[in-house]
Every structure is written in structure tokens, then in C-alpha cells.
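Peer 1: File model31.csv follows (CSV, C-alpha atoms):
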chain,number,residue,atom,x,y,z
D,1,MET,CA,-150.5,-116.6,-97.8
D,2,LYS,CA,-151.8,-119.7,-99.7
D,3,PRO,CA,-152.1,-123.0,-97.9
D,4,ALA,CA,-149.0,-125.1,-98.7
D,5,PHE,CA,-150.1,-128.4,-97.2
D,6,GLN,CA,-153.0,-130.8,-97.8
D,7,PRO,CA,-154.6,-133.1,-95.2
D,8,GLY,CA,-152.4,-136.2,-95.0
D,9,ALA,CA,-149.1,-134.3,-95.6
D,10,SER,CA,-146.2,-135.1,-93.3
D,11,VAL,CA,-144.8,-132.0,-91.7
D,12,THR,CA,-142.0,-131.2,-89.2
D,13,VAL,CA,-142.4,-128.4,-86.7
D,14,SER,CA,-139.6,-125.9,-86.9
D,15,ASN,CA,-137.2,-126.2,-84.0
D,16,ARG,CA,-136.5,-122.5,-83.8
D,17,ASP,CA,-135.4,-121.0,-80.5
D,18,ILE,CA,-137.1,-117.7,-80.5
D,19,GLN,CA,-138.5,-115.3,-77.9
D,20,GLY,CA,-141.8,-113.4,-78.1
D,21,HIS,CA,-145.4,-114.4,-78.3
D,22,MET,CA,-145.4,-117.8,-80.0
D,23,ARG,CA,-148.3,-120.2,-80.1
D,24,THR,CA,-146.2,-123.2,-80.9
D,25,PRO,CA,-145.3,-125.0,-77.6
D,26,THR,CA,-141.7,-125.9,-77.0
D,27,TYR,CA,-142.6,-129.6,-76.5
D,28,ILE,CA,-143.8,-130.0,-80.1
D,29,ARG,CA,-140.9,-128.2,-81.8
D,30,GLY,CA,-138.8,-130.5,-84.0
D,31,LYS,CA,-141.5,-133.2,-84.0
D,32,THR,CA,-143.1,-134.7,-87.1
D,33,GLY,CA,-146.8,-135.2,-87.6
D,34,VAL,CA,-149.5,-135.4,-90.2
D,35,VAL,CA,-151.8,-132.5,-91.3
D,36,GLU,CA,-155.3,-133.5,-90.2
D,37,ARG,CA,-157.1,-130.4,-91.6
D,38,LEU,CA,-156.7,-126.8,-92.6
D,39,CYS,CA,-158.6,-124.8,-90.0
D,40,GLY,CA,-158.6,-121.5,-92.0
D,41,SER,CA,-156.3,-118.5,-92.4
D,42,PHE,CA,-155.9,-116.0,-89.6
D,43,ARG,CA,-154.0,-112.9,-88.7
D,44,ASN,CA,-150.6,-113.8,-87.3
D,45,PRO,CA,-150.7,-113.7,-83.5
D,46,GLU,CA,-147.0,-113.2,-83.3
D,47,THR,CA,-147.3,-109.6,-84.7
D,48,LEU,CA,-150.8,-108.9,-83.4
D,49,ALA,CA,-149.4,-109.4,-79.9
D,50,TYR,CA,-147.2,-106.3,-80.4
D,51,GLY,CA,-149.8,-104.1,-81.9
D,52,GLY,CA,-149.2,-105.1,-85.5
D,53,ASP,CA,-151.9,-105.9,-88.0
D,54,GLY,CA,-151.1,-109.6,-88.2
D,55,LEU,CA,-151.1,-109.5,-92.0
D,56,PRO,CA,-150.6,-111.5,-94.2
D,57,LYS,CA,-153.0,-114.0,-92.8
D,58,GLN,CA,-151.3,-117.3,-92.0
D,59,PRO,CA,-153.0,-120.7,-92.8
D,60,LEU,CA,-153.6,-122.6,-89.5
D,61,TYR,CA,-153.5,-126.4,-89.5
D,62,ARG,CA,-154.5,-129.1,-87.0
D,63,VAL,CA,-151.6,-131.4,-87.0
D,64,ARG,CA,-151.7,-134.9,-85.5
D,65,PHE,CA,-148.8,-136.4,-83.7
D,66,LEU,CA,-148.3,-139.8,-82.2
D,67,GLN,CA,-148.0,-139.5,-78.4
D,68,SER,CA,-145.1,-142.1,-78.4
D,69,HIS,CA,-143.2,-139.8,-80.8
D,70,VAL,CA,-143.8,-136.7,-78.7
D,71,TRP,CA,-143.1,-138.3,-75.4
D,72,PRO,CA,-140.3,-140.9,-75.7
D,73,GLU,CA,-141.3,-142.5,-72.3
D,74,TYR,CA,-145.1,-142.6,-73.2
D,75,ARG,CA,-146.6,-145.8,-71.8
D,76,GLY,CA,-150.1,-145.5,-73.3
D,77,PRO,CA,-151.4,-147.3,-76.4
D,78,SER,CA,-149.1,-146.8,-79.4
D,79,THR,CA,-152.0,-145.5,-81.4
D,80,ASP,CA,-152.7,-142.5,-79.1
D,81,THR,CA,-152.3,-139.2,-80.7
D,82,VAL,CA,-152.3,-135.5,-79.8
D,83,ASP,CA,-153.7,-132.7,-82.1
D,84,ILE,CA,-152.1,-129.3,-82.1
D,85,GLU,CA,-153.1,-126.2,-84.1
D,86,ILE,CA,-150.0,-124.8,-85.7
D,87,TYR,CA,-149.5,-121.9,-88.2
D,88,GLN,CA,-148.0,-122.6,-91.5
D,89,HIS,CA,-144.8,-120.6,-91.0
D,90,TRP,CA,-143.9,-123.1,-88.3
D,91,LEU,CA,-144.2,-126.1,-90.5
D,92,GLU,CA,-141.7,-127.7,-92.9
D,93,PRO,CA,-142.5,-130.3,-95.5
D,94,VAL,CA,-141.1,-133.8,-94.9
D,95,SER,CA,-139.4,-134.9,-98.1
V,1,MET,CA,-134.1,-123.6,-75.6
V,2,LYS,CA,-135.4,-120.9,-73.3
V,3,ARG,CA,-139.1,-121.4,-72.5
V,4,GLY,CA,-141.7,-118.8,-71.6
V,5,VAL,CA,-143.2,-118.9,-68.1
V,6,HIS,CA,-146.4,-120.3,-69.5
V,7,ASP,CA,-144.8,-122.9,-71.8
V,8,ILE,CA,-144.7,-125.7,-69.4
V,9,GLY,CA,-146.0,-128.7,-71.4
V,10,GLY,CA,-144.0,-131.8,-70.5
V,11,LEU,CA,-142.3,-130.3,-67.4
V,12,PRO,CA,-142.7,-132.1,-64.1
V,13,GLU,CA,-145.5,-130.5,-62.0
V,14,ASN,CA,-147.2,-131.1,-58.8
V,15,GLN,CA,-150.8,-132.0,-58.7
V,16,ILE,CA,-153.1,-129.6,-60.5
V,17,ASP,CA,-155.9,-128.0,-58.5
V,18,GLN,CA,-159.0,-128.9,-60.5
V,19,SER,CA,-161.6,-127.7,-58.0
V,20,GLU,CA,-164.3,-125.4,-59.3
V,21,HIS,CA,-165.1,-122.1,-57.7
V,22,ASP,CA,-167.5,-119.2,-58.3
V,23,TYR,CA,-166.1,-116.1,-59.8
V,24,ALA,CA,-165.8,-113.1,-57.5
V,25,LEU,CA,-167.3,-109.8,-58.7
V,26,TRP,CA,-163.8,-108.3,-59.4
V,27,GLU,CA,-163.0,-111.3,-61.6
V,28,LYS,CA,-166.2,-110.8,-63.6
V,29,ARG,CA,-165.4,-107.1,-63.9
V,30,ILE,CA,-161.9,-107.8,-65.3
V,31,ASP,CA,-163.5,-110.2,-67.8
V,32,ALA,CA,-166.0,-107.6,-68.8
V,33,LEU,CA,-163.3,-105.0,-69.1
V,34,LEU,CA,-161.4,-107.2,-71.7
V,35,VAL,CA,-164.6,-107.7,-73.6
V,36,LEU,CA,-165.0,-103.9,-74.0
V,37,LEU,CA,-161.3,-103.3,-74.8
V,38,THR,CA,-161.2,-106.0,-77.5
V,39,GLY,CA,-164.7,-105.2,-78.8
V,40,GLU,CA,-165.9,-102.6,-81.3
V,41,LYS,CA,-163.3,-100.0,-80.4
V,42,GLN,CA,-160.5,-102.6,-80.4
V,43,ILE,CA,-158.3,-100.7,-78.0
V,44,MET,CA,-156.3,-103.9,-77.5
V,45,ARG,CA,-156.3,-107.5,-78.8
V,46,VAL,CA,-156.4,-110.8,-76.9
V,47,ASP,CA,-153.0,-111.6,-78.5
V,48,GLU,CA,-151.6,-108.6,-76.6
V,49,LEU,CA,-153.2,-109.8,-73.4
V,50,ARG,CA,-151.5,-113.1,-73.9
V,51,ARG,CA,-148.1,-111.4,-74.6
V,52,GLY,CA,-148.5,-109.4,-71.4
V,53,ILE,CA,-149.2,-112.5,-69.3
V,54,GLU,CA,-146.4,-114.4,-70.9
V,55,SER,CA,-143.9,-111.6,-70.1
V,56,LEU,CA,-144.7,-111.6,-66.4
V,57,ASP,CA,-141.6,-112.6,-64.4
V,58,ILE,CA,-141.7,-116.1,-63.1
V,59,ASP,CA,-142.5,-115.0,-59.5
V,60,ALA,CA,-145.4,-112.9,-60.5
V,61,TYR,CA,-146.7,-115.5,-62.9
V,62,SER,CA,-146.5,-118.2,-60.2
V,63,GLU,CA,-148.1,-116.1,-57.4
V,64,LEU,CA,-150.9,-114.3,-59.3
V,65,SER,CA,-154.3,-115.9,-59.9
V,66,TYR,CA,-155.8,-116.2,-63.3
V,67,TYR,CA,-157.6,-112.9,-63.4
V,68,GLU,CA,-154.8,-111.2,-61.5
V,69,ARG,CA,-152.6,-112.1,-64.4
V,70,TRP,CA,-155.2,-110.6,-66.7
V,71,ILE,CA,-155.3,-107.3,-65.0
V,72,ALA,CA,-151.6,-107.1,-64.6
V,73,SER,CA,-151.3,-107.6,-68.4
V,74,ILE,CA,-154.2,-105.2,-69.3
V,75,SER,CA,-152.6,-102.5,-67.2
V,76,LYS,CA,-149.2,-103.0,-68.8
V,77,ILE,CA,-150.6,-103.0,-72.3
V,78,LEU,CA,-152.8,-99.9,-71.7
V,79,VAL,CA,-149.8,-98.0,-70.3
V,80,GLU,CA,-147.8,-99.1,-73.3
V,81,LYS,CA,-150.4,-97.7,-75.6
V,82,GLY,CA,-150.6,-94.4,-73.7
V,83,ILE,CA,-154.3,-94.8,-72.7
V,84,PHE,CA,-153.1,-93.8,-69.2
V,85,SER,CA,-149.8,-93.4,-67.6
V,86,SER,CA,-148.5,-95.5,-64.7
V,87,THR,CA,-148.5,-92.4,-62.6
V,88,GLU,CA,-152.2,-91.9,-63.3
V,89,LEU,CA,-152.9,-95.5,-62.6
V,90,GLU,CA,-151.0,-95.3,-59.2
V,91,GLY,CA,-152.9,-92.1,-58.4
V,92,LYS,CA,-156.3,-93.8,-59.1
V,93,MET,CA,-155.4,-96.9,-57.1
V,94,ALA,CA,-154.4,-94.7,-54.1
V,95,GLU,CA,-157.7,-92.9,-54.4
V,96,VAL,CA,-159.7,-96.1,-54.5
V,97,LEU,CA,-157.8,-97.5,-51.6
V,98,ALA,CA,-158.4,-94.4,-49.5
V,99,ARG,CA,-162.1,-94.6,-50.4
V,100,GLY,CA,-162.2,-98.1,-49.1
V,101,THR,CA,-160.6,-97.3,-45.7
V,102,GLU,CA,-162.9,-94.3,-45.0
V,103,SER,CA,-165.1,-95.1,-42.0
Output the file's structure in the form of C-alpha cells.
Peer 2:
Amino acid sequence: MKPAFQPGASVTVSNRDIQGHMRTPTYIRGKTGVVERLCGSFRNPETLAYGGDGLPKQPLYRVRFLQSHVWPEYRGPSTDTVDIEIYQHWLEPVS
Amino acid sequence: MKRGVHDIGGLPENQIDQSEHDYALWEKRIDALLVLLTGEKQIMRVDELRRGIESLDIDAYSELSYYERWIASISKILVEKGIFSSTELEGKMAEVLARGTES
């Protein structure tokens, strides 16, 4: 799987309601952030967790979100951010 | 959206116990066991460990300590893979328990 996003790209985390071993926390689903970096490509933990081979490898990104966007009642500085590592198949481009 | 037992980011929670403690011997053994299982022979993967932990029911997840969750998951995954059966595991546990109570 080739990387689809460059650093600086705006992306929205898929809001899918799905059971199983997912590494995308519920609180970040549906939120929009900016790709900070590509971390590399790794076997997919969602199938590795069930004895699969995890292939094809999925690009993994560090995505940066504004805390005030993630937590509507956030009272800290408006520039505060949170970085979360998210696999490409959870990310959608922001047009 | 239904959350997994571990997926608690943003939910209200009581104070988190941040005190440090030394690891007990049994905890070190469980850690070593996972190193062996996920090492060269790759009998299981850490992703499977996580899946086993995440599939504990809420009561077990809340009551078990960190390494108790690990061993619960490791046991489940190894039974699933047919490395040993749950009957064999129960038999071994009874044997060890009996050994511990011998005077």
C-alpha cells in the first residue's frame, strides 16, 4: 500500500463503528487533523490480532489535532495539540 | 458507538493510581513468557495479546491487574491456537496448586 498523504495534508479520521482489535481510539474518530509525518509502513494489526499475516502493509501516520477540536470543553491554550498514530485505511482526505 | 473495555479516552474516571511498585517474580515471568512466545518461534503476536486483553469482559478487565490481564489473554490465545487445551491447563493448575499446599 503506497502512502496517500504527505505531511501537511488535512485528513479526517473515519467514524466507522466497528468491533475487533482497532488501534484508532473512539474519541478521535470523525475528527480532522493534519499529517505531521509518515512513520513507515507496517503489517495491519487488525488482522495480525486474529492470526492473519497483516499484509498488505499499511502506511502509519502521526496526525496532529487541536485539543480544542477534539475536546469541545477544552480550557487549555488554543494552540495545544495531541498527536495520534493512525493507519492510512482510517484516514480520509479533506477536500 | 460501542467502545471496547480498554477504549476509555475522554470518559470520566476517578483518580489514577500513579504510584510505582516493584514487579513481583510472577509478573516478570509472564513478561518473559511473552518475549519467548513472540520471539523467534513467533507462536503468537503482541497484536493477539492486545486482542485477548480487549475481549475480556468488563468485570474481568476492571478487576485484573496488568499482568493478570496478560496471562488471561496469553492462556486464551494459546488454547485458541491448540498449543494446549483448556482441560490440560486446568489439570496443570490443579497440579501446581496441590504442590503448593503440600506440607
Peer 1: For a quick test of understanding: name the residues of chain V lying within 12 Å of chain D when counting all atoms listed in the file, and present them as an NGL selection string.
Peer 2: :V and (1-11 or 42-55 or 73 or 77-78 or 80-81)
Peer 1: Rounded to one decimal place, report the atom CA of D:Lys57-atom CA of D:Ser41 distance in Å.
Peer 2: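 Pair atom CA of D:Lys57 / atom CA of D:Ser41 returns 5.6 Å.
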Peer 1: Which neighbours of D:Leu38 fall inside 7 Å, counting all atoms listed in the file, when residues of the same chain fewer than 3 positions from it are skipped, and could you give them as a VMD selection string?
Peer 2: chain D and resid 60 to 62
Peer 1: Neighbouring residues of D:Val94 were defined as those with any atom within 10 Å, considering only C-alpha atoms; residues of the same chain fewer than 5 positions away were excluded. Please report them as a PyMOL selection string.
Peer 2: chain D and resi 9-13+32-34
Peer 1: Report, in Å with one decimal, the straight-line distance from atom CA of D:Asp83 to atom CA of V:Gln18.
Peer 2: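 Here the two named atoms are 22.6 Å from each other.
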Peer 1: Find the axis-aligned box for stretch 48-64 of chain V, covering all its listed atoms and adding 3 Å on each side, and write its centre and edge lengths in Å to one decimal as lines of an AutoDock Vina configuration file.
Peer 2:
center_x = -147.4
center_y = -113.4
center_z = -67.0
size_x = 17.6
size_y = 15.6
size_z = 25.2
Peer 1: When you draw a straight line from atom CA of D:Lys2 to atom CA of D:His89, how long is it in Å?
Peer 2: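 Interatomic distance, atom CA of D:Lys2 to atom CA of D:His89: 11.2 Å.
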Peer 1: Skip D:Gln6 itself and residues of its chain fewer than 4 positions away, then list as a list of chain:residue names all residues within 9 Å of it, counting only C-alpha atoms.
Peer 2: D:Val35, D:Glu36, D:Arg37, D:Leu38
